[in-house]
Each structure stands twice: as C-alpha cells, then as structure tokens.
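Structure file data.cif (mmCIF, C-alpha atoms) follows.
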```
data_model
loop_
_atom_site.label_atom_id
_atom_site.label_comp_id
_atom_site.auth_asym_id
_atom_site.auth_seq_id
_atom_site.Cartn_x
_atom_site.Cartn_y
_atom_site.Cartn_z
CA MET A 1445 117.02 -4.51 -12.47
CA ASP A 1446 114.78 -5.01 -15.47
CA GLU A 1447 116.58 -3.96 -18.67
CA THR A 1448 113.75 -4.91 -21.02
CA SER A 1449 112.69 -2.16 -23.40
CA PRO A 1450 109.51 -0.39 -22.23
CA ASP A 1451 106.78 0.61 -24.64
CA TRP A 1452 107.85 4.27 -24.79
CA ARG A 1453 111.49 3.65 -25.69
CA PRO A 1454 112.10 4.12 -29.46
CA ASP A 1455 112.27 0.76 -31.19
CA PRO A 1456 113.25 0.45 -34.90
CA MET A 1457 111.00 -2.61 -35.15
CA LYS A 1458 107.99 -0.76 -33.70
CA PRO A 1459 107.46 2.60 -35.40
CA GLY A 1460 104.24 3.12 -33.46
CA THR A 1461 106.03 3.52 -30.11
CA PRO A 1462 104.31 6.12 -27.89
CA ILE A 1463 105.99 9.53 -27.87
CA ILE A 1464 107.94 10.55 -24.78
CA PRO A 1465 106.10 13.53 -23.24
CA GLN A 1466 108.01 16.71 -24.05
CA ALA A 1467 107.34 18.14 -20.61
CA GLU A 1468 108.75 15.07 -18.86
CA TRP A 1469 111.62 13.82 -21.01
CA TYR A 1470 114.25 14.47 -18.29
CA LEU A 1471 112.21 12.72 -15.59
CA PRO A 1472 111.98 9.02 -14.65
CA PRO A 1473 111.32 6.59 -16.19
CA TYR A 1474 112.19 8.29 -19.48
CA ASN A 1475 115.65 9.31 -18.22
CA ARG A 1476 116.82 5.70 -18.66
CA TRP A 1477 116.87 6.49 -22.39
CA THR A 1478 116.83 10.28 -22.68
CA PHE A 1479 119.96 10.94 -20.60
CA GLN A 1480 121.86 9.38 -23.50
CA HIS A 1481 119.77 11.06 -26.22
CA VAL A 1482 119.36 14.65 -25.08
CA SER A 1483 119.98 16.10 -28.55
CA GLU A 1484 116.90 14.23 -29.74
CA MET A 1485 114.72 15.82 -27.05
CA THR A 1486 115.67 19.53 -26.99
CA PRO A 1487 117.82 22.02 -28.97
CA THR A 1488 121.59 21.83 -28.44
CA THR A 1489 124.80 23.41 -29.68
CA PRO A 1490 128.14 21.63 -30.16
CA ILE A 1491 131.29 22.12 -28.10
CA TRP A 1492 134.13 21.40 -30.52
CA ARG A 1493 137.00 19.19 -29.39
CA GLY A 1494 139.37 21.05 -31.69
CA SER A 1495 141.82 19.55 -34.18
CA GLY A 1496 144.58 18.62 -31.77
CA PRO A 1497 145.62 15.21 -30.50
CA VAL A 1498 143.46 13.19 -28.13
CA LEU A 1499 144.81 12.84 -24.61
CA PRO A 1500 145.69 9.14 -24.23
CA LEU A 1501 144.30 7.26 -21.26
CA PRO A 1502 146.68 4.38 -20.40
CA GLU A 1503 144.93 1.25 -19.15
CA ARG A 1504 145.66 -1.23 -16.41
CA ILE A 1505 142.33 -3.00 -16.15
CA THR A 1506 141.73 -4.49 -12.72
CA ASP A 1507 138.81 -6.50 -11.38
CA ILE A 1508 137.02 -4.26 -8.87
CA ASP A 1509 133.72 -6.15 -8.81
CA GLY A 1510 134.52 -7.98 -5.57
CA ILE A 1511 135.50 -4.89 -3.56
CA GLU A 1512 133.18 -4.68 -0.56
CA PHE A 1513 131.78 -1.77 1.37
CA GLU A 1514 129.39 -1.47 4.28
CA LEU A 1515 126.49 0.92 4.62
CA ALA A 1516 123.87 0.97 7.37
CA GLY A 1517 124.98 -2.46 8.55
CA ARG A 1518 124.69 -4.07 5.11
CA ARG A 1519 127.68 -5.30 3.12
CA SER A 1520 127.67 -5.03 -0.66
CA THR A 1521 130.14 -5.55 -3.47
CA ILE A 1522 130.84 -3.05 -6.24
CA ARG A 1523 129.22 -5.45 -8.70
CA GLU A 1524 126.04 -5.49 -6.63
CA PHE A 1525 126.15 -1.71 -6.39
CA LEU A 1526 126.48 -1.28 -10.16
CA ASP A 1527 123.65 -3.71 -10.84
CA SER A 1528 121.27 -2.08 -8.38
CA SER A 1529 122.03 1.63 -8.79
CA PHE A 1530 120.72 2.22 -12.34
CA THR A 1531 124.24 2.53 -13.69
CA ASP A 1532 124.90 3.77 -17.21
CA GLY A 1533 128.67 4.00 -16.96
CA LEU A 1534 131.57 3.81 -14.53
CA LEU A 1535 135.20 4.70 -15.14
CA ILE A 1536 137.97 4.60 -12.54
CA VAL A 1537 141.35 6.33 -12.94
CA SER A 1538 144.10 5.45 -10.45
CA ARG A 1539 147.63 6.84 -10.69
CA GLY A 1540 146.99 8.03 -14.22
CA GLU A 1541 145.66 4.73 -15.56
CA VAL A 1542 142.16 3.51 -16.32
CA ILE A 1543 141.68 0.50 -14.08
CA ALA A 1544 137.96 -0.07 -14.69
CA GLU A 1545 135.55 0.95 -17.43
CA THR A 1546 131.97 -0.30 -17.47
CA TYR A 1547 129.09 0.47 -19.85
CA MET A 1548 125.51 -0.48 -19.03
CA ASN A 1549 121.97 0.37 -20.11
CA GLY A 1550 123.03 0.77 -23.73
CA LEU A 1551 125.74 3.39 -23.11
CA LYS A 1552 128.65 3.17 -25.58
CA PRO A 1553 132.14 4.73 -25.51
CA HIS A 1554 131.12 7.18 -28.26
CA ARG A 1555 127.71 8.05 -26.82
CA HIS A 1556 127.09 11.23 -24.86
CA HIS A 1557 125.48 11.30 -21.44
CA LEU A 1558 123.81 14.22 -19.71
CA ALA A 1559 125.91 15.73 -16.90
CA MET A 1560 123.03 17.53 -15.18
CA SER A 1561 124.61 19.72 -12.46
CA MET A 1562 128.12 18.42 -13.10
CA SER A 1563 127.84 21.06 -15.85
CA LYS A 1564 128.34 23.69 -13.15
CA SER A 1565 131.85 22.43 -12.35
CA ILE A 1566 132.87 22.50 -16.00
CA VAL A 1567 131.69 26.11 -16.28
CA GLY A 1568 133.46 26.90 -13.00
CA ALA A 1569 136.74 25.57 -14.40
CA VAL A 1570 136.52 27.88 -17.41
CA CYS A 1571 135.67 30.78 -15.10
CA GLY A 1572 138.92 30.11 -13.23
CA ILE A 1573 140.83 30.51 -16.49
CA LEU A 1574 139.20 33.91 -17.08
CA VAL A 1575 139.93 34.98 -13.51
CA HIS A 1576 143.61 34.11 -14.00
CA ARG A 1577 143.68 36.25 -17.15
CA GLY A 1578 142.27 39.22 -15.30
CA LEU A 1579 139.01 39.26 -17.26
CA ILE A 1580 136.93 38.52 -14.14
CA ASP A 1581 137.62 39.64 -10.58
CA PRO A 1582 135.68 37.43 -8.15
CA ARG A 1583 135.63 40.30 -5.64
CA SER A 1584 133.87 42.61 -8.07
CA LEU A 1585 130.14 43.16 -8.08
CA VAL A 1586 128.04 41.18 -10.51
CA THR A 1587 126.62 44.46 -11.80
CA GLU A 1588 130.08 45.64 -12.90
CA TYR A 1589 129.84 43.00 -15.61
CA LEU A 1590 126.06 42.86 -16.04
CA PRO A 1591 124.76 46.38 -15.24
CA GLU A 1592 121.29 45.28 -16.35
CA LEU A 1593 121.03 43.38 -13.06
CA GLU A 1594 120.97 46.62 -11.03
CA THR A 1595 117.18 46.23 -11.07
CA THR A 1596 117.39 42.73 -9.57
CA ALA A 1597 118.34 41.28 -6.19
CA TYR A 1598 121.85 40.65 -7.56
CA ARG A 1599 122.57 44.31 -6.89
CA GLY A 1600 125.36 44.30 -4.29
CA ALA A 1601 126.34 40.64 -4.81
CA THR A 1602 129.88 39.71 -5.82
CA VAL A 1603 130.97 37.28 -8.49
CA GLN A 1604 132.49 35.07 -5.77
CA GLN A 1605 129.11 34.87 -4.04
CA VAL A 1606 127.60 33.69 -7.33
CA LEU A 1607 130.40 31.12 -7.71
CA ASP A 1608 129.72 29.84 -4.21
CA MET A 1609 125.90 30.20 -4.29
CA THR A 1610 125.92 32.47 -1.25
CA THR A 1611 123.98 35.40 -2.67
CA GLY A 1612 120.84 36.37 -0.78
CA VAL A 1613 118.65 36.32 -3.88
CA THR A 1614 115.27 34.66 -3.44
CA ILE A 1615 114.97 31.73 -5.86
CA THR A 1616 111.96 29.55 -5.13
CA LYS A 1617 111.83 25.75 -5.48
CA PRO A 1618 111.11 22.91 -6.26
CA TYR A 1619 111.50 22.49 -10.01
CA THR A 1620 108.43 20.24 -10.17
CA GLU A 1621 106.02 22.89 -8.87
CA PRO A 1622 104.57 25.32 -11.46
CA GLY A 1623 105.18 28.92 -10.60
CA THR A 1624 108.47 28.48 -8.75
CA HIS A 1625 111.62 30.00 -10.18
CA ALA A 1626 113.16 26.53 -10.47
CA TYR A 1627 110.20 25.32 -12.53
CA MET A 1628 110.34 28.41 -14.72
CA LEU A 1629 114.06 27.86 -15.27
CA PHE A 1630 113.34 24.49 -16.88
CA GLN A 1631 110.86 26.22 -19.17
CA ALA A 1632 113.17 29.13 -19.93
CA ALA A 1633 116.05 26.74 -20.68
CA GLY A 1634 113.90 25.04 -23.33
CA TRP A 1635 113.66 21.77 -21.43
CA ARG A 1636 109.88 21.80 -21.22
CA PRO A 1637 107.09 23.54 -23.15
CA LEU A 1638 106.15 27.07 -22.14
CA ASP A 1639 102.75 26.04 -20.79
CA TYR A 1640 102.33 29.37 -18.97
CA PRO A 1641 102.71 32.20 -21.53
CA GLU A 1642 103.34 34.77 -18.80
CA HIS A 1643 106.48 32.93 -17.67
CA PRO A 1644 109.94 34.03 -18.91
CA GLN A 1645 110.79 32.64 -22.32
CA THR A 1646 114.60 32.66 -21.92
CA THR A 1647 117.12 32.19 -19.13
CA TRP A 1648 118.03 35.90 -19.27
CA GLN A 1649 114.40 36.90 -18.80
CA LEU A 1650 114.23 34.62 -15.75
CA ILE A 1651 117.33 36.22 -14.20
CA LEU A 1652 115.83 39.68 -14.70
CA MET A 1653 112.74 38.72 -12.69
CA LEU A 1654 114.75 37.73 -9.58
CA THR A 1655 114.08 40.99 -7.73
CA GLU A 1656 113.55 39.81 -4.14
CA GLN A 1657 116.27 39.28 -1.55
CA GLN A 1658 115.78 36.96 1.41
CA ARG A 1659 119.04 37.51 3.32
CA PRO A 1660 122.29 39.53 3.13
CA HIS A 1661 124.62 38.48 0.36
CA GLY A 1662 127.35 36.13 1.61
CA ALA A 1663 125.50 35.08 4.76
CA LEU A 1664 124.58 31.49 3.82
CA PHE A 1665 125.02 28.84 1.14
CA GLU A 1666 121.87 27.74 -0.68
CA TYR A 1667 122.06 25.52 -3.74
CA ARG A 1668 120.40 27.33 -6.68
CA SER A 1669 120.98 26.51 -10.34
CA ALA A 1670 120.15 30.01 -11.54
CA GLU A 1671 123.45 31.22 -10.05
CA SER A 1672 125.46 29.16 -12.55
CA ASN A 1673 123.63 30.83 -15.42
CA VAL A 1674 124.41 34.29 -14.03
CA LEU A 1675 128.05 33.18 -14.04
CA GLY A 1676 127.68 32.03 -17.66
CA PHE A 1677 126.31 35.42 -18.71
CA ILE A 1678 129.25 37.16 -17.02
CA MET A 1679 131.70 34.90 -18.86
CA GLN A 1680 130.05 35.64 -22.19
CA ARG A 1681 130.04 39.38 -21.51
CA VAL A 1682 133.76 39.68 -20.64
CA THR A 1683 134.91 37.58 -23.62
CA GLY A 1684 132.32 38.46 -26.23
CA MET A 1685 132.10 34.74 -27.00
CA PRO A 1686 129.16 32.31 -26.79
CA LEU A 1687 129.58 30.08 -23.76
CA ALA A 1688 129.80 26.89 -25.84
CA ASP A 1689 132.65 28.32 -27.93
CA LEU A 1690 134.35 29.53 -24.78
CA ILE A 1691 134.27 26.05 -23.22
CA SER A 1692 135.64 24.59 -26.46
CA THR A 1693 138.47 27.11 -26.83
CA GLU A 1694 139.58 27.26 -23.22
CA LEU A 1695 138.93 23.74 -21.93
CA TRP A 1696 137.60 21.02 -24.18
CA ALA A 1697 140.11 21.38 -27.02
CA PRO A 1698 143.21 22.11 -24.90
CA MET A 1699 142.64 19.13 -22.59
CA GLY A 1700 142.54 16.70 -25.53
CA ALA A 1701 138.92 15.57 -25.50
CA GLU A 1702 138.24 12.66 -27.84
CA HIS A 1703 134.75 13.72 -28.90
CA ASN A 1704 132.84 16.94 -29.34
CA ALA A 1705 130.58 17.65 -26.40
CA TYR A 1706 127.28 19.49 -26.65
CA VAL A 1707 125.04 21.58 -24.44
CA THR A 1708 121.34 22.36 -24.45
CA VAL A 1709 120.32 25.90 -25.41
CA ASP A 1710 117.31 28.06 -24.60
CA PRO A 1711 115.15 29.84 -27.22
CA GLY A 1712 117.59 32.77 -27.09
CA GLY A 1713 120.57 30.52 -27.85
CA PHE A 1714 122.07 30.62 -24.33
CA PRO A 1715 123.52 27.30 -23.13
CA SER A 1716 122.29 25.77 -19.91
CA ALA A 1717 125.32 26.48 -17.71
CA ASP A 1718 123.76 24.66 -14.78
CA ALA A 1719 122.66 21.31 -16.22
CA GLY A 1720 122.84 21.01 -20.01
CA PHE A 1721 126.34 19.63 -20.69
CA ASN A 1722 126.70 16.27 -22.50
CA ALA A 1723 129.89 14.28 -23.08
CA THR A 1724 131.27 10.75 -23.25
CA LEU A 1725 132.38 8.77 -20.22
CA ARG A 1726 136.07 8.94 -21.17
CA ASP A 1727 135.98 12.69 -21.75
CA TYR A 1728 134.46 13.23 -18.32
CA ALA A 1729 137.42 11.19 -17.05
CA ARG A 1730 139.83 13.49 -18.90
CA PHE A 1731 138.26 16.44 -17.13
CA ALA A 1732 138.81 14.66 -13.81
CA LEU A 1733 142.41 13.92 -14.75
CA LEU A 1734 142.92 17.63 -15.51
CA TYR A 1735 142.04 18.44 -11.89
CA LEU A 1736 144.20 15.59 -10.61
CA ARG A 1737 147.14 17.09 -12.52
CA SER A 1738 146.64 20.57 -11.04
CA GLY A 1739 145.19 21.84 -14.30
CA ARG A 1740 148.10 20.79 -16.51
CA LEU A 1741 147.73 18.34 -19.42
CA HIS A 1742 149.36 17.97 -22.83
CA GLY A 1743 152.37 19.88 -21.53
CA LYS A 1744 150.42 23.09 -20.93
CA GLN A 1745 148.68 24.73 -18.01
CA ILE A 1746 144.97 24.85 -18.85
CA VAL A 1747 143.22 25.60 -15.57
CA PRO A 1748 145.42 27.67 -13.23
CA SER A 1749 146.85 25.53 -10.44
CA ALA A 1750 146.29 28.35 -7.95
CA TRP A 1751 142.57 28.38 -8.82
CA ILE A 1752 142.34 24.62 -8.29
CA GLU A 1753 144.15 24.74 -4.97
CA GLU A 1754 142.06 27.67 -3.78
CA THR A 1755 138.88 25.81 -4.76
CA ARG A 1756 139.85 22.94 -2.44
CA ARG A 1757 139.84 25.25 0.57
CA GLY A 1758 136.09 25.80 0.42
CA ASN A 1759 134.07 27.59 3.04
CA HIS A 1760 132.86 24.88 5.39
CA ASP A 1761 131.14 27.31 7.73
CA LEU A 1762 128.42 28.19 5.21
CA LEU A 1763 127.35 24.66 4.22
CA GLN A 1764 124.39 23.75 6.40
CA ARG A 1765 123.94 20.11 7.32
CA GLU A 1766 120.45 20.02 5.83
CA ASP A 1767 121.87 21.01 2.44
CA ARG A 1768 123.90 17.82 2.00
CA LEU A 1769 123.48 15.09 4.59
CA ASP A 1770 125.88 12.87 2.64
CA LEU A 1771 128.62 15.52 3.08
CA PRO A 1772 128.13 16.65 6.69
CA ARG A 1773 131.59 18.25 6.76
CA GLY A 1774 131.61 19.34 3.15
CA ALA A 1775 131.69 22.68 1.38
CA TYR A 1776 130.70 24.25 -1.92
CA HIS A 1777 133.22 26.51 -3.66
CA ASN A 1778 133.78 27.72 -7.22
CA GLN A 1779 130.99 25.41 -8.48
CA PHE A 1780 132.49 22.27 -6.92
CA TRP A 1781 131.51 20.30 -3.83
CA ILE A 1782 134.46 19.72 -1.46
CA GLU A 1783 134.32 16.51 0.55
CA ASP A 1784 135.72 17.68 3.89
CA PRO A 1785 138.34 20.06 5.35
CA GLU A 1786 141.05 17.36 5.59
CA ARG A 1787 140.87 15.28 2.42
CA ARG A 1788 139.49 18.15 0.32
CA ALA A 1789 138.48 15.90 -2.57
CA PHE A 1790 136.49 17.53 -5.37
CA ILE A 1791 133.02 16.26 -6.20
CA CYS A 1792 131.02 17.17 -9.30
CA ALA A 1793 127.43 16.16 -8.59
CA GLY A 1794 124.45 15.99 -10.92
CA HIS A 1795 120.81 15.03 -10.45
CA GLY A 1796 119.93 11.44 -11.30
CA GLY A 1797 123.21 9.93 -10.14
CA GLN A 1798 125.95 11.79 -12.04
CA ARG A 1799 129.23 11.91 -10.09
CA ILE A 1800 132.85 12.80 -10.68
CA TYR A 1801 134.97 12.20 -7.59
CA ILE A 1802 138.52 13.61 -7.70
CA ASP A 1803 140.97 12.85 -4.87
CA PRO A 1804 144.45 14.31 -5.45
CA GLU A 1805 145.70 12.77 -2.20
CA THR A 1806 145.55 9.26 -3.69
CA ASP A 1807 145.74 10.27 -7.39
CA PHE A 1808 142.29 8.77 -7.88
CA ALA A 1809 139.17 9.73 -9.81
CA ALA A 1810 135.83 8.04 -10.45
CA VAL A 1811 133.12 8.90 -12.95
CA LYS A 1812 129.67 7.40 -12.35
CA LEU A 1813 126.85 8.08 -14.84
CA SER A 1814 123.37 6.95 -13.90
CA SER A 1815 119.66 7.39 -14.53
CA TRP A 1816 118.07 7.02 -11.12
CA PRO A 1817 114.30 6.56 -10.79
CA ASP A 1818 114.37 8.85 -7.74
CA ALA A 1819 116.79 11.07 -5.84
CA GLY A 1820 116.61 9.74 -2.30
CA LEU A 1821 119.41 10.57 0.10
CA ASP A 1822 120.30 6.89 0.41
CA ARG A 1823 121.40 6.80 -3.24
CA TYR A 1824 123.81 9.72 -2.73
CA VAL A 1825 125.25 8.12 0.39
CA GLU A 1826 125.61 4.70 -1.25
CA THR A 1827 127.37 6.13 -4.31
CA LEU A 1828 129.91 7.98 -2.21
CA ALA A 1829 130.48 4.91 -0.02
CA ALA A 1830 131.11 2.72 -3.07
CA ILE A 1831 133.53 5.21 -4.63
CA ARG A 1832 135.43 5.58 -1.37
CA ALA A 1833 135.75 1.79 -1.12
CA ILE A 1834 137.26 1.62 -4.61
CA ARG A 1835 139.57 4.53 -3.77
CA ASP A 1836 140.79 2.84 -0.59
CA ALA A 1837 141.36 -0.46 -2.37
CA CYS A 1838 143.39 1.28 -5.08
CA ALA A 1839 145.47 3.10 -2.48
CA VAL A 1840 146.86 -0.13 -1.04
CA ARG A 1841 147.62 -1.85 -4.33
#
```
Go ahead and express the file in the form of structure tokens.
Amino acid sequence: MDETSPDWRPDPMKPGTPIIPQAEWYLPPYNRWTFQHVSEMTPTTPIWRGSGPVLPLPERITDIDGIEFELAGRRSTIREFLDSSFTDGLLIVSRGEVIAETYMNGLKPHRHHLAMSMSKSIVGAVCGILVHRGLIDPRSLVTEYLPELETTAYRGATVQQVLDMTTGVTITKPYTEPGTHAYMLFQAAGWRPLDYPEHPQTTWQLILMLTEQQRPHGALFEYRSAESNVLGFIMQRVTGMPLADLISTELWAPMGAEHNAYVTVDPGGFPSADAGFNATLRDYARFALLYLRSGRLHGKQIVPSAWIEETRRGNHDLLQREDRLDLPRGAYHNQFWIEDPERRAFICAGHGGQRIYIDPETDFAAVKLSSWPDAGLDRYVETLAAIRAIRDACAVR
C-alpha cells in the first residue's frame, strides 16, 4: 500500500498542511494518522499505570512471515496479509513469550493507538472485579444503581443484559446518519462537533433520551455501543470514582502496564466506555496475557478467575448469524466476543481493524492494530483467518 504522506497529514516541514476536519477525524482516510494521535483530536483523560513494576514480556522472536493461510480459494502469507491489511501493529504471545512484534505506519512502542470497541472488553474486565467484590450484582435491575433511568426503556433491564447487549432498548443506527442515536452518541462523546443544538450534549443526556423499547429485555442480542456507557455509569455510581481512575486502580496499575493509557471524555467529563481507550501495543498484550493467566499476574489475582471462566461460556443462542458472519457459531458475553462453544477463545474487536484474540487452549494471544479504509466483512474474516494460522503454527512448534 502507499505509505507516502498525504497533504492533510501534519508535516513539520509544511506548516500550511490542511486541517483534518473535526467532524471526520476518526474516519478514513484520516484514521491512518489519527488513530495514533487521538489526544490531539479530542479531549482525553489519563489512566495512570501506577508506580509499581512493569510486567516483563519475555521474548523468543520467531519468523512468522512465511506462515500461509487460505481464504476463499486464495493462499496468502502473513507478510502479505500485514502489507495489505493497513496494519499499524501486530504482537503475538505464545506460551508466555513474545514471538513476533511488528510496527508499521509510523507506530512506535511508546505510541498509543485507539482501541475503538476493544474498550468495551477492558471496561467489562473491571466490571467483573466489582461483581466479585459484591458492589454490582449482574442479576439486579439497572435502575437499582441508576434510578434516574426509570423514565427510560432501561426500566426492567438487568445489569447482565447490559453486559451482554440483550436489552430491548431501541437504539437507532448507523453512526454516519444524522439523527440516529448512534450518530448522536459520537456527538455526545465529544468526537464530533454538536452540529445539531437540539441533540444531547453529553453521554448521560443521550442515555436519558432512550425511552422506546423494541422487544422484551433478554430476548435477543443486538450490538449497541450505548450499553457499554450505561455499564460505565453503573461502575462509577457504585464506587464513587471516575471511570478512568477506576480502570487505573483496579486493572492498569495492578497488571503492570508499562505506559499510562488514556481515554476520550465527553463535555461532562465522562470517558467513552465503548470506544475511547488508547494504549500501546505491548500494554494491550499485557491485558491479553492477564486473560490467558486466568486473571492472575504479578503474583496477585486481578480479574476473578470465576468471572473469566463464566465469560467464556457465552450465550450462543442469542447471537444471530447476521450480527457476525465471521463468527457464525460465536457469542457475546460480558463485553467480549466468544469464538465458538468448543474453543471458547476470547475476542476483543474494534472498528477499523482492532483485534485482541485470546486462546487459553493453546496459551496464545494476538494483538492486531489497524486503520482500515473500510469495514467490509472480508477484512474481519481475513484477520481471523490469519490469526488462526499463526495460532496453529505456534501450537505445533
């Protein structure tokens, strides 16, 4: 692919570079640069790594470029896949060791990259910690924690249904169409200008306007980012802590992150629990390793092992084939995708090509950061096929 710098990308030698449109910074083609520079595009708040030691990542670098996989009758190598799939970074962990680490498109080991919806899984992990402590009961009604939502369609929904995105709340899409809830969420989160003054100005205001219900709660899975923010508000309410501080205290510092992370915030200061997380490639890998080790790192249990094991069970009956054609036997549970009922690998998935694949059965994890120019189904399928090929090759070595 062409890696030449386009006219809109900031260039220290050309101070007259055109400005990236504020309403489109997270969209292609700008995402090739902005996914690594989110703090320069919208307000953020830090997630402190703490003062403790960094979790070491032992290395056993192996050449994986020549590994082949087949898709739709066409054979490709991992090198060809990386070169053609708008890769920013790839890191592979096998049996506790980093066996491959690749940086492309200007990404550096110290540079943050937007997680997009992988953020949901990070928030879900912290929620599991609070559940274990008895601060949140997934069987309880959302309104027990957020009584303000009695006036919304979340009345009667449980926390577990929010975790699994099986509430019956009507949340309209797509995010590119003005007037839909998904579009208004991007505005409310501070990701794009409030070009319609009558729209909600904060994420909380958006949640309060979700007053219509399209089906009984718990009847069907439907992927909706607003649900993750409801979860974030519950977590803040039961702890009295800002979500960013909560992630730092309960997850990021205990697991031994190397760098501070950060998250985008809306005009009211609420972090984007569904898409705003930013971290380095290696720290995403540490998060994956935490789940490979049943939630235990640095000699301490961070995420409860029972929560992790229960997450792997999933509810495969509620995931409709049209929701994820690349995971026809998959599930969604506790803010993670689950690959299938047998292997039960975890998948953190984010728009634009962000993937963390965690397979405890082979002690394998892959982190793929990207900036796709589109989100066609073929890209999802290809990414999963490539990761599985690496996993299978590692399993026999």
Original post:
So which residues touch region 1683-1689 of chain A within 8 Å, counting all atoms listed in the file, skipping near sequence neighbours fewer than 2 positions away, as a list in words?
Top reply: Thr1489, Pro1490, Ile1491, Trp1492, Leu1579, Gly1676, Met1679, Gln1680, Arg1681, Ile1691, Ser1692, Thr1693, Tyr1706, Val1707, Phe1714 and Pro1715 of chain A
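In terms of minimum interatomic distance to His1703 (chain A), A:Ser1495 ranks closest within A:Thr1488, A:Ser1495, A:Asn1549, A:Ser1716, counting all atoms listed in the file.
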**OP:** Can you work out the spacing between CA of Tyr1728 (chain A) and CA of Glu1702 (chain A) in Å, to one decimal?
**Re:** 10.3 Å
Original post:
Is there a way to get, as a list in words, all residues within 10 Å of the point (106.1, 7.0, -26.3) in file coordinates, counting all atoms listed in the file?
Top reply: Pro1450, Asp1451, Trp1452, Arg1453, Pro1454, Gly1460, Thr1461, Pro1462, Ile1463, Ile1464, Pro1465 and Tyr1474 of chain A
**OP:** Would you mind telling me which residue in A:Pro1459, A:Gly1517, A:Gly1510, A:Gly1600 lies nearest to Gly1662 (chain A) when using all atoms listed in the file?
**Re:** A:Gly1600
**OP:** On this file, the PyMOL selection byres ((chain A and resi 1628-1642) around 10) gives some set of residues; write that set as an NGL selection string.
**Re:** :A and (1465-1470 or 1482 or 1485-1488 or 1616-1617 or 1619-1627 or 1643-1651 or 1669-1670 or 1708-1720)
Original post:
For Phe1513 (chain A), which residue among A:Ala1837, A:Gly1550, A:Leu1590, A:Thr1611 is the nearest when counting all atoms listed in the file?
Top reply: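 Result for the nearest residue to Phe1513 (chain A): A:Ala1837.
Reported to one decimal place, the separation of CA of Ala1732 (chain A) from CA of Ala1701 (chain A) is 11.7 Å.
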Ground truth for the PyMOL selection byres ((chain A and resi 1541) around 7), written as a PDB file with C-alpha atoms, in the frame of the given file:
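Done, and the output landed in selection-v3.pdb:
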```pdb
ATOM      1  CA  LEU A1501     144.300   7.260 -21.260  1.00  0.00           C
ATOM      2  CA  PRO A1502     146.680   4.380 -20.400  1.00  0.00           C
ATOM      3  CA  GLU A1503     144.930   1.250 -19.150  1.00  0.00           C
ATOM      4  CA  ARG A1504     145.660  -1.230 -16.410  1.00  0.00           C
ATOM      5  CA  VAL A1537     141.350   6.330 -12.940  1.00  0.00           C
ATOM      6  CA  SER A1538     144.100   5.450 -10.450  1.00  0.00           C
ATOM      7  CA  ARG A1539     147.630   6.840 -10.690  1.00  0.00           C
ATOM      8  CA  GLY A1540     146.990   8.030 -14.220  1.00  0.00           C
ATOM      9  CA  VAL A1542     142.160   3.510 -16.320  1.00  0.00           C
ATOM     10  CA  ILE A1543     141.680   0.500 -14.080  1.00  0.00           C
TER      11      ILE A1543
END
```
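Relative to CA of Gln1604 (chain A), CA of Ala1810 (chain A) is found at 27.6 Å.
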Subject >> Nearest residue to Ser1584 (chain A) from the set A:Val1603, A:Glu1826, A:Cys1838, A:Ala1597 (distances using all atoms listed in the file) >> reply: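 Looking at the shortest contact to Ser1584 (chain A), the residue is A:Val1603.
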Quick one: which region 1449-1481 of chain A residues come within 10 Å of region 1796-1806 of chain A, and what is the nearest atom pair for each with the distance in Å to one decimal, counting all atoms listed in the file, rows ordered by chain and ascending number, as JSON lines?
```
{"residue": "A:Tyr1470", "atom": "CA", "partner": "A:Gly1796", "partner_atom": "CA", "distance": 9.5}
{"residue": "A:Leu1471", "atom": "CA", "partner": "A:Gly1796", "partner_atom": "CA", "distance": 8.9}
{"residue": "A:Pro1472", "atom": "CA", "partner": "A:Gly1796", "partner_atom": "CA", "distance": 9.0}
{"residue": "A:Asn1475", "atom": "CA", "partner": "A:Gly1796", "partner_atom": "CA", "distance": 8.4}
{"residue": "A:Arg1476", "atom": "CA", "partner": "A:Gly1796", "partner_atom": "CA", "distance": 9.8}
{"residue": "A:Phe1479", "atom": "CA", "partner": "A:Gly1796", "partner_atom": "CA", "distance": 9.3}
```
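In this comparison, which uses all atoms listed in the file, the residue of A:Met1548, A:Ile1566, A:Val1674, A:Val1811 approaching Val1606 (chain A) most closely is A:Val1674.
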